[in-house]
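Enquirer: Below: one structure in structure tokens.
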Amino acid sequence: MLFHVKMTVNLPLDMNPERAAQLKADEKALAQRLQAAGKWRHLWRIAGLYANYSVFDVDSVQELHDTLMQLPLYPYMAIEVDAMCRHPSSIHEDDR
Ligand SMILES: O=C(O)C[C@H]1C=CC(=O)O1
């Protein structure tokens, strides 16, 4: 199942810089593990914002939920999710 996810990060302005750096490093490590596993299929920065558009390829809505909840930056994110299905005009066989 494919989901389009928009994540907007809002770290508190008064957050300890070392804490912020650790959260970002932990987030990056997990994001890269999930990409390598094929679960986080696309990750794009939204120009000019501390936000991204992502595509997740997971087996269930529950898996998406659990994945998002475990992100280190989750407590500081606003998240919007759209479920996607195959477009009849798509030429990409791996869209499903
Ligand atoms: O930077 C972001 O968009 C937030 C988050 C998503 C992946 C990652 O490494 O950090």
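Chain identifiers are assigned as A, B, and so on, following the order in which chains appear in the structure tokens; residues are numbered from 1 within each chain, and ligands are numbered from 1 in order of appearance.
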If you count only C-alpha atoms and all ligand atoms, which residues end up within 9 Å of ligand 1, as a PyMOL selection string?
Expert: chain A and resi 6-9+23-32+43-46+49-54+71-74+77
Enquirer: How would the residues just picked look written out with N, CA and C atoms as a PDB file, in the first residue's frame?
Expert:
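As a result, part_22.pdb now contains:
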```pdb
ATOM      1  N   LYS A   6       3.070  14.103   4.050  1.00  0.00           N
ATOM      2  CA  LYS A   6       3.751  15.387   4.217  1.00  0.00           C
ATOM      3  C   LYS A   6       4.109  15.532   5.690  1.00  0.00           C
ATOM      4  N   MET A   7       5.403  15.779   5.940  1.00  0.00           N
ATOM      5  CA  MET A   7       5.869  15.985   7.316  1.00  0.00           C
ATOM      6  C   MET A   7       6.427  17.395   7.427  1.00  0.00           C
ATOM      7  N   THR A   8       5.902  18.147   8.357  1.00  0.00           N
ATOM      8  CA  THR A   8       6.414  19.491   8.627  1.00  0.00           C
ATOM      9  C   THR A   8       6.992  19.488  10.037  1.00  0.00           C
ATOM     10  N   VAL A   9       8.267  19.839  10.127  1.00  0.00           N
ATOM     11  CA  VAL A   9       8.966  19.777  11.418  1.00  0.00           C
ATOM     12  C   VAL A   9       8.958  21.151  12.071  1.00  0.00           C
ATOM     13  N   LEU A  23      18.468  14.317  17.731  1.00  0.00           N
ATOM     14  CA  LEU A  23      17.193  13.906  17.138  1.00  0.00           C
ATOM     15  C   LEU A  23      17.308  13.827  15.613  1.00  0.00           C
ATOM     16  N   LYS A  24      17.962  14.830  15.003  1.00  0.00           N
ATOM     17  CA  LYS A  24      18.106  14.833  13.544  1.00  0.00           C
ATOM     18  C   LYS A  24      18.980  13.669  13.075  1.00  0.00           C
ATOM     19  N   ALA A  25      20.040  13.376  13.822  1.00  0.00           N
ATOM     20  CA  ALA A  25      20.918  12.257  13.455  1.00  0.00           C
ATOM     21  C   ALA A  25      20.170  10.930  13.583  1.00  0.00           C
ATOM     22  N   ASP A  26      19.392  10.775  14.667  1.00  0.00           N
ATOM     23  CA  ASP A  26      18.617   9.540  14.858  1.00  0.00           C
ATOM     24  C   ASP A  26      17.556   9.402  13.762  1.00  0.00           C
ATOM     25  N   GLU A  27      16.928  10.518  13.425  1.00  0.00           N
ATOM     26  CA  GLU A  27      15.906  10.518  12.373  1.00  0.00           C
ATOM     27  C   GLU A  27      16.529  10.105  11.036  1.00  0.00           C
ATOM     28  N   LYS A  28      17.679  10.684  10.729  1.00  0.00           N
ATOM     29  CA  LYS A  28      18.355  10.359   9.466  1.00  0.00           C
ATOM     30  C   LYS A  28      18.701   8.879   9.397  1.00  0.00           C
ATOM     31  N   ALA A  29      19.236   8.337  10.493  1.00  0.00           N
ATOM     32  CA  ALA A  29      19.630   6.921  10.502  1.00  0.00           C
ATOM     33  C   ALA A  29      18.408   6.032  10.256  1.00  0.00           C
ATOM     34  N   LEU A  30      17.305   6.310  10.941  1.00  0.00           N
ATOM     35  CA  LEU A  30      16.100   5.490  10.751  1.00  0.00           C
ATOM     36  C   LEU A  30      15.524   5.687   9.350  1.00  0.00           C
ATOM     37  N   ALA A  31      15.499   6.941   8.882  1.00  0.00           N
ATOM     38  CA  ALA A  31      14.965   7.205   7.541  1.00  0.00           C
ATOM     39  C   ALA A  31      15.771   6.435   6.489  1.00  0.00           C
ATOM     40  N   GLN A  32      17.076   6.378   6.669  1.00  0.00           N
ATOM     41  CA  GLN A  32      17.901   5.678   5.677  1.00  0.00           C
ATOM     42  C   GLN A  32      17.732   4.165   5.774  1.00  0.00           C
ATOM     43  N   LEU A  43      11.694  10.422  -0.657  1.00  0.00           N
ATOM     44  CA  LEU A  43      11.880  11.448   0.378  1.00  0.00           C
ATOM     45  C   LEU A  43      12.385  12.702  -0.310  1.00  0.00           C
ATOM     46  N   TRP A  44      11.526  13.710  -0.329  1.00  0.00           N
ATOM     47  CA  TRP A  44      11.858  14.958  -1.017  1.00  0.00           C
ATOM     48  C   TRP A  44      11.704  16.134  -0.069  1.00  0.00           C
ATOM     49  N   ARG A  45      12.685  17.018  -0.056  1.00  0.00           N
ATOM     50  CA  ARG A  45      12.568  18.275   0.681  1.00  0.00           C
ATOM     51  C   ARG A  45      11.575  19.181  -0.042  1.00  0.00           C
ATOM     52  N   ILE A  46      10.704  19.836   0.680  1.00  0.00           N
ATOM     53  CA  ILE A  46       9.848  20.870   0.100  1.00  0.00           C
ATOM     54  C   ILE A  46      10.645  22.165   0.145  1.00  0.00           C
ATOM     55  N   LEU A  49      11.156  25.058   2.995  1.00  0.00           N
ATOM     56  CA  LEU A  49      10.502  24.690   4.258  1.00  0.00           C
ATOM     57  C   LEU A  49      11.288  23.585   4.957  1.00  0.00           C
ATOM     58  N   TYR A  50      11.147  23.504   6.293  1.00  0.00           N
ATOM     59  CA  TYR A  50      11.670  22.342   7.006  1.00  0.00           C
ATOM     60  C   TYR A  50      10.546  21.300   6.987  1.00  0.00           C
ATOM     61  N   ALA A  51      10.373  20.725   5.802  1.00  0.00           N
ATOM     62  CA  ALA A  51       9.261  19.809   5.567  1.00  0.00           C
ATOM     63  C   ALA A  51       9.637  18.905   4.405  1.00  0.00           C
ATOM     64  N   ASN A  52       8.961  17.760   4.336  1.00  0.00           N
ATOM     65  CA  ASN A  52       9.219  16.850   3.217  1.00  0.00           C
ATOM     66  C   ASN A  52       7.932  16.250   2.703  1.00  0.00           C
ATOM     67  N   TYR A  53       8.002  15.819   1.438  1.00  0.00           N
ATOM     68  CA  TYR A  53       6.994  14.941   0.865  1.00  0.00           C
ATOM     69  C   TYR A  53       7.639  13.563   0.763  1.00  0.00           C
ATOM     70  N   SER A  54       6.929  12.584   1.267  1.00  0.00           N
ATOM     71  CA  SER A  54       7.444  11.222   1.249  1.00  0.00           C
ATOM     72  C   SER A  54       6.400  10.279   0.683  1.00  0.00           C
ATOM     73  N   LEU A  71       9.245   7.621  14.523  1.00  0.00           N
ATOM     74  CA  LEU A  71      10.243   8.587  14.049  1.00  0.00           C
ATOM     75  C   LEU A  71      10.692   9.474  15.211  1.00  0.00           C
ATOM     76  N   PRO A  72      11.993   9.635  15.386  1.00  0.00           N
ATOM     77  CA  PRO A  72      12.475  10.459  16.503  1.00  0.00           C
ATOM     78  C   PRO A  72      11.913  11.878  16.495  1.00  0.00           C
ATOM     79  N   LEU A  73      11.674  12.436  15.309  1.00  0.00           N
ATOM     80  CA  LEU A  73      11.146  13.809  15.241  1.00  0.00           C
ATOM     81  C   LEU A  73       9.613  13.844  15.308  1.00  0.00           C
ATOM     82  N   TYR A  74       8.983  12.667  15.440  1.00  0.00           N
ATOM     83  CA  TYR A  74       7.512  12.620  15.425  1.00  0.00           C
ATOM     84  C   TYR A  74       6.862  13.622  16.396  1.00  0.00           C
ATOM     85  N   MET A  77       6.445  16.987  14.712  1.00  0.00           N
ATOM     86  CA  MET A  77       5.987  17.018  13.319  1.00  0.00           C
ATOM     87  C   MET A  77       4.478  17.217  13.230  1.00  0.00           C
TER      88      MET A  77
END
```
Enquirer: Using only C-alpha atoms, which residues sit within 12 Å of A:Arg41 once same-chain residues fewer than 2 positions away are excluded, as a PyMOL selection string?
Expert: chain A and resi 1-5+31-39+43-44+53-58+94-95
Enquirer: Would you put the residues from that selection into a file with N, CA and C atoms, as a compact mmCIF listing (two decimals), in the first residue's frame?
Expert:
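Everything below was put into out.txt:
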```txt
# COMPACT_ATOMS: atom_id res chain seq x y z
N MET A 1 0.85 -1.19 0.00
CA MET A 1 0.00 0.00 0.00
C MET A 1 0.88 1.24 0.00
N LEU A 2 0.50 2.18 -0.87
CA LEU A 2 1.31 3.40 -0.98
C LEU A 2 0.60 4.57 -0.30
N PHE A 3 1.38 5.33 0.44
CA PHE A 3 0.85 6.51 1.12
C PHE A 3 1.75 7.71 0.84
N HIS A 4 1.12 8.81 0.48
CA HIS A 4 1.83 10.08 0.36
C HIS A 4 1.75 10.77 1.71
N VAL A 5 2.90 11.16 2.22
CA VAL A 5 2.95 11.75 3.56
C VAL A 5 3.68 13.08 3.49
N ALA A 31 15.50 6.94 8.88
CA ALA A 31 14.96 7.20 7.54
C ALA A 31 15.77 6.44 6.49
N GLN A 32 17.08 6.38 6.67
CA GLN A 32 17.90 5.68 5.68
C GLN A 32 17.73 4.16 5.77
N ARG A 33 17.52 3.66 7.00
CA ARG A 33 17.24 2.21 7.15
C ARG A 33 15.91 1.86 6.48
N LEU A 34 14.90 2.69 6.68
CA LEU A 34 13.59 2.43 6.09
C LEU A 34 13.64 2.54 4.56
N GLN A 35 14.46 3.47 4.04
CA GLN A 35 14.62 3.57 2.58
C GLN A 35 15.31 2.32 2.04
N ALA A 36 16.37 1.89 2.73
CA ALA A 36 17.11 0.70 2.28
C ALA A 36 16.20 -0.53 2.30
N ALA A 37 15.23 -0.56 3.23
CA ALA A 37 14.30 -1.68 3.35
C ALA A 37 13.14 -1.58 2.35
N GLY A 38 13.09 -0.47 1.61
CA GLY A 38 12.03 -0.30 0.61
C GLY A 38 10.71 0.21 1.18
N LYS A 39 10.69 0.54 2.46
CA LYS A 39 9.46 1.01 3.11
C LYS A 39 9.22 2.51 2.87
N LEU A 43 11.69 10.42 -0.66
CA LEU A 43 11.88 11.45 0.38
C LEU A 43 12.38 12.70 -0.31
N TRP A 44 11.53 13.71 -0.33
CA TRP A 44 11.86 14.96 -1.02
C TRP A 44 11.70 16.13 -0.07
N TYR A 53 8.00 15.82 1.44
CA TYR A 53 6.99 14.94 0.86
C TYR A 53 7.64 13.56 0.76
N SER A 54 6.93 12.58 1.27
CA SER A 54 7.44 11.22 1.25
C SER A 54 6.40 10.28 0.68
N VAL A 55 6.88 9.15 0.16
CA VAL A 55 5.99 8.05 -0.22
C VAL A 55 6.44 6.81 0.55
N PHE A 56 5.50 6.24 1.30
CA PHE A 56 5.75 5.02 2.04
C PHE A 56 5.07 3.84 1.35
N ASP A 57 5.75 2.71 1.33
CA ASP A 57 5.22 1.48 0.75
C ASP A 57 5.17 0.45 1.88
N VAL A 58 3.99 0.31 2.47
CA VAL A 58 3.84 -0.53 3.65
C VAL A 58 2.71 -1.53 3.42
N ASP A 94 5.62 -0.84 -11.10
CA ASP A 94 5.76 -1.01 -9.66
C ASP A 94 4.81 -0.11 -8.87
N ASP A 95 3.92 0.61 -9.55
CA ASP A 95 2.88 1.36 -8.85
C ASP A 95 1.79 0.37 -8.48
```
Enquirer: What does the structure give for the distance between atom CA of A:Glu63 and atom CA of A:Ala83, in Å to one decimal?
Expert: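 For atom CA of A:Glu63 relative to atom CA of A:Ala83, the distance reads 13.1 Å.
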Enquirer: DSSP on the backbone: what in chain A comes out strand (DSSP E), as a PyMOL selection string?
Expert: chain A and resi 2-9+40-45+51-57+77-84
Enquirer: Could you save the residues just selected, with N, CA and C atoms, as a short mmCIF file (atom, residue, chain, number, x, y, z; two decimals), in the first residue's frame?
Expert:
```cif
data_model
loop_
_atom_site.label_atom_id
_atom_site.label_comp_id
_atom_site.auth_asym_id
_atom_site.auth_seq_id
_atom_site.Cartn_x
_atom_site.Cartn_y
_atom_site.Cartn_z
N LEU A 2 0.50 2.18 -0.87
CA LEU A 2 1.31 3.40 -0.98
C LEU A 2 0.60 4.57 -0.30
N PHE A 3 1.38 5.33 0.44
CA PHE A 3 0.85 6.51 1.12
C PHE A 3 1.75 7.71 0.84
N HIS A 4 1.12 8.81 0.48
CA HIS A 4 1.83 10.08 0.36
C HIS A 4 1.75 10.77 1.71
N VAL A 5 2.90 11.16 2.22
CA VAL A 5 2.95 11.75 3.56
C VAL A 5 3.68 13.08 3.49
N LYS A 6 3.07 14.10 4.05
CA LYS A 6 3.75 15.39 4.22
C LYS A 6 4.11 15.53 5.69
N MET A 7 5.40 15.78 5.94
CA MET A 7 5.87 15.98 7.32
C MET A 7 6.43 17.39 7.43
N THR A 8 5.90 18.15 8.36
CA THR A 8 6.41 19.49 8.63
C THR A 8 6.99 19.49 10.04
N VAL A 9 8.27 19.84 10.13
CA VAL A 9 8.97 19.78 11.42
C VAL A 9 8.96 21.15 12.07
N TRP A 40 10.30 3.27 2.82
CA TRP A 40 10.22 4.74 2.62
C TRP A 40 10.73 4.97 1.20
N ARG A 41 9.81 4.94 0.25
CA ARG A 41 10.20 4.86 -1.16
C ARG A 41 10.73 6.17 -1.72
N HIS A 42 10.13 7.28 -1.30
CA HIS A 42 10.60 8.59 -1.77
C HIS A 42 10.69 9.55 -0.59
N LEU A 43 11.69 10.42 -0.66
CA LEU A 43 11.88 11.45 0.38
C LEU A 43 12.38 12.70 -0.31
N TRP A 44 11.53 13.71 -0.33
CA TRP A 44 11.86 14.96 -1.02
C TRP A 44 11.70 16.13 -0.07
N ARG A 45 12.68 17.02 -0.06
CA ARG A 45 12.57 18.28 0.68
C ARG A 45 11.58 19.18 -0.04
N ALA A 51 10.37 20.73 5.80
CA ALA A 51 9.26 19.81 5.57
C ALA A 51 9.64 18.90 4.41
N ASN A 52 8.96 17.76 4.34
CA ASN A 52 9.22 16.85 3.22
C ASN A 52 7.93 16.25 2.70
N TYR A 53 8.00 15.82 1.44
CA TYR A 53 6.99 14.94 0.86
C TYR A 53 7.64 13.56 0.76
N SER A 54 6.93 12.58 1.27
CA SER A 54 7.44 11.22 1.25
C SER A 54 6.40 10.28 0.68
N VAL A 55 6.88 9.15 0.16
CA VAL A 55 5.99 8.05 -0.22
C VAL A 55 6.44 6.81 0.55
N PHE A 56 5.50 6.24 1.30
CA PHE A 56 5.75 5.02 2.04
C PHE A 56 5.07 3.84 1.35
N ASP A 57 5.75 2.71 1.33
CA ASP A 57 5.22 1.48 0.75
C ASP A 57 5.17 0.45 1.88
N MET A 77 6.44 16.99 14.71
CA MET A 77 5.99 17.02 13.32
C MET A 77 4.48 17.22 13.23
N ALA A 78 4.07 17.96 12.21
CA ALA A 78 2.68 17.92 11.76
C ALA A 78 2.68 17.00 10.54
N ILE A 79 1.81 15.99 10.55
CA ILE A 79 1.82 14.96 9.52
C ILE A 79 0.47 14.92 8.80
N GLU A 80 0.54 14.90 7.48
CA GLU A 80 -0.67 14.74 6.65
C GLU A 80 -0.48 13.52 5.77
N VAL A 81 -1.50 12.67 5.71
CA VAL A 81 -1.39 11.40 4.98
C VAL A 81 -2.49 11.32 3.92
N ASP A 82 -2.11 10.88 2.73
CA ASP A 82 -3.08 10.55 1.68
C ASP A 82 -2.78 9.14 1.19
N ALA A 83 -3.81 8.30 1.16
CA ALA A 83 -3.66 6.96 0.58
C ALA A 83 -3.68 7.06 -0.94
N MET A 84 -2.87 6.24 -1.60
CA MET A 84 -2.79 6.27 -3.07
C MET A 84 -3.03 4.88 -3.64
#
```
Enquirer: Any idea what the distance is between atom CA of A:Asn10 and atom CA of A:Pro75?
Expert: 9.1 Å
Enquirer: Work out how far apart atom CA of A:Glu93 and atom CA of A:Asp59 are and give it in Å to one decimal.
Expert: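 So the answer is 17.8 Å.
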Enquirer: Please identify which residues in chain A DSSP calls helix (DSSP H, G or I) from the backbone, and express them as a ChimeraX atom specification.
Expert: /A:17-36,61-69,74-76
